[in-house]
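J.: This is the structure I have questions about; it appears just below.
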Amino acid sequence: MVTELPAWAVRLRAERRNRLWSQKDMARRLVEAAGDDVRARLPSRESIVRRIKAYEAGHNQPDDPYRLLYARAFGLTEDELFEYNPRNLGFAGDDEWNALELSRRAAATEVGQDTLERLEAAVDDLAVAYHRTPPHELLVRVRRHLDYVSQLLDGKKTLIEHRRLLVTGGWLSLLAATCLIDLNRFPAARARLRTAAQLAKETEHREIAAWCLETEAWHVLIDGEYRRALTLTRAAQRVAPRGSSAYIQAAAQEGRAWARLGAARETREALNVVARLVAPLPTPDRPEHHYRYDPAKSDAYIATTLSWLGDSAAESYARAVLARLESDGPSRPRRALAARLDLAHALLTAKPDEAGHIALTALTNPHLVPSHHWRATEVIGALEARRAPEAKQLREAYRELCGSVVQRF
């Protein structure tokens, strides 16, 4: 007879696994969360690990002081932690997880080479799916894989297997943060980024560390903190291996930050750096991969950057990018949507009517995500300032969009 775990036990285990902490890590965190007077009364680490196992198995609920220590360790209130809401976890059953678990059980060890390879391949698949999958849907899949990595970290493994699991967890945490930024869920995104950065530090993985800085730069750029974005892009370039995808992306992001600051000379210098880096690159096997720089992306970044700088050349770049995305190769709807917003922005002064039409097309596109909204509102605001007749319809479409997003998320 299978007994369903109490909700609080599921939550304790899920919160720990979301942070990629083993049960031994959890014991250490509980001790660290205690003050000196409480710490002196706590039992040995081994005894605390046994308590954690009992709590997560649902044998008994934590009492004082462990309720408070858990809340401190997770950065939650006791009510938040022990009033369980399954929607907060986002774990949905899927075939990917079941396939991974079946593979692991078929292996002779608790982790095994095949399981690690399949997990690493799953990370690549998820990174490819990013540009065509709604972020709230992809986030569920990413969380499911993170939960599985955490399960494996609790088991016996070699040092090499342990490191590979942490690297996989780093990439997954980074992708989860990216999805959360797309959804404008910034506190949760920052927590995921901190986890990814911590895992990058523990594994000395410079590429993940650089992507963490670049992703944070993108976040603060969206939030209007252009100087901070500039600082973060430069830090990412210092950390990233020279010529890596993270290095190139950070250099491109630097150009966008300069453009938002209205610094034309610095903007063009950054664009020239990216052009030199991209020139010798071949097209990757999977150009849709979010963490592998596709040389074709450089034109899209030029279009964005020049449109923000107010350079008339942005129009031709944006049109060319949009035409290529709509005619060549596999569908890349998120990139095409960004190109439309770039084109609308570039046309504001010379062709406001066309800018309005293109912006309306973008606003009604099902692939528009909350992190795109600020770009759309810039176009709407500029058209309203010009008293363009298209502005009213755009504003109504935007209000309708925001209402549907609130209902959805």
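We name chains A, B, ... following the order of the structure tokens; residues begin at 1 in each chain, and ligands are numbered from 1 as shown.
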For range 278-287 of chain A, please output as JSON, numbers by chain all residues within 10 Å (counting only C-alpha atoms; exclusion window: fewer than 6 positions along the same chain).
T.: {"A": [124, 125, 127, 128, 243, 245, 248, 272, 293, 294, 295, 296, 297, 298, 330]}
J.: Would you save the residues of that selection, restricted to C-alpha atoms, as a PDB file, in the first residue's frame?
T.:
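Result went into again-v2.pdb, see below:
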ATOM      1  CA  ASP A 124      21.091  20.867 -24.911  1.00  0.00           C
ATOM      2  CA  ASP A 125      17.568  19.942 -26.011  1.00  0.00           C
ATOM      3  CA  ALA A 127      18.403  25.141 -24.581  1.00  0.00           C
ATOM      4  CA  VAL A 128      17.340  24.563 -28.197  1.00  0.00           C
ATOM      5  CA  GLY A 243      36.168  33.765 -28.034  1.00  0.00           C
ATOM      6  CA  SER A 245      29.862  32.013 -26.872  1.00  0.00           C
ATOM      7  CA  ILE A 248      30.740  37.111 -27.666  1.00  0.00           C
ATOM      8  CA  ASN A 272      33.200  46.138 -34.305  1.00  0.00           C
ATOM      9  CA  TYR A 293      26.553  31.705 -30.457  1.00  0.00           C
ATOM     10  CA  ASP A 294      25.104  31.593 -33.952  1.00  0.00           C
ATOM     11  CA  PRO A 295      26.946  34.083 -36.236  1.00  0.00           C
ATOM     12  CA  ALA A 296      23.590  34.941 -37.829  1.00  0.00           C
ATOM     13  CA  LYS A 297      22.545  36.485 -34.495  1.00  0.00           C
ATOM     14  CA  SER A 298      25.062  39.298 -34.929  1.00  0.00           C
ATOM     15  CA  PRO A 330      13.795  26.182 -39.076  1.00  0.00           C
TER      16      PRO A 330
END
J.: Using only C-alpha atoms, what does the table of range 129-185 of chain A residues within 10 Å of range 218-233 of chain A look like, with each row giving the shortest atom pair and its distance in Å to one decimal, sorted by chain and ascending number, as CSV?
T.:
residue,atom,partner,partner_atom,distance
A:Ala177,CA,A:His219,CA,10.0
A:Thr178,CA,A:His219,CA,8.9
A:Ile181,CA,A:His219,CA,6.7
A:Asp182,CA,A:His219,CA,9.1
A:Asn184,CA,A:His219,CA,9.2
J.: Would you save the residues of that selection, restricted to C-alpha atoms, as a CSV table (one decimal), in the first residue's frame?
T.:
chain,number,residue,atom,x,y,z
A,177,ALA,CA,16.6,32.0,-14.5
A,178,THR,CA,16.3,33.0,-18.1
A,181,ILE,CA,13.2,36.7,-16.4
A,182,ASP,CA,11.1,36.3,-19.5
A,184,ASN,CA,9.2,39.1,-15.2
J.: Excluding Glu78 in chain A and any residue of its chain fewer than 5 positions from it, enumerate the residues within 10 Å of it, using only C-alpha atoms, and give them as a PyMOL selection string.
T.: chain A and resi 67-72+83
J.: Smallest atom-to-atom distance to Asn18 in chain A: which of A:Asp64, A:Asp147, A:Glu266, A:Asp311, using only C-alpha atoms?
T.: A:Asp147
J.: Just how far from CA of Trp374 in chain A is CA of Leu401 in chain A, in Å to one decimal?
T.: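 Distance between the two atoms: 12.6 Å.
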J.: So that I can check the surroundings of Leu199 in chain A, please list as a list in words every protein, DNA and RNA residue that reaches within 12 Å of it, counting only C-alpha atoms and ignoring chain neighbours fewer than 5 positions away.
T.: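 After dropping sequence-adjacent residues, the list is Arg19, Leu20, Trp21, His162, Arg163, Arg164, Leu165, Leu166, Val167, Thr168, Gly169, Gly170, Trp171, Leu172, Ser173, Leu174, Arg192, Leu193, Arg194, Glu204, His205, Arg206, Glu207, Ile208, Ala209 and Cys212 of chain A.
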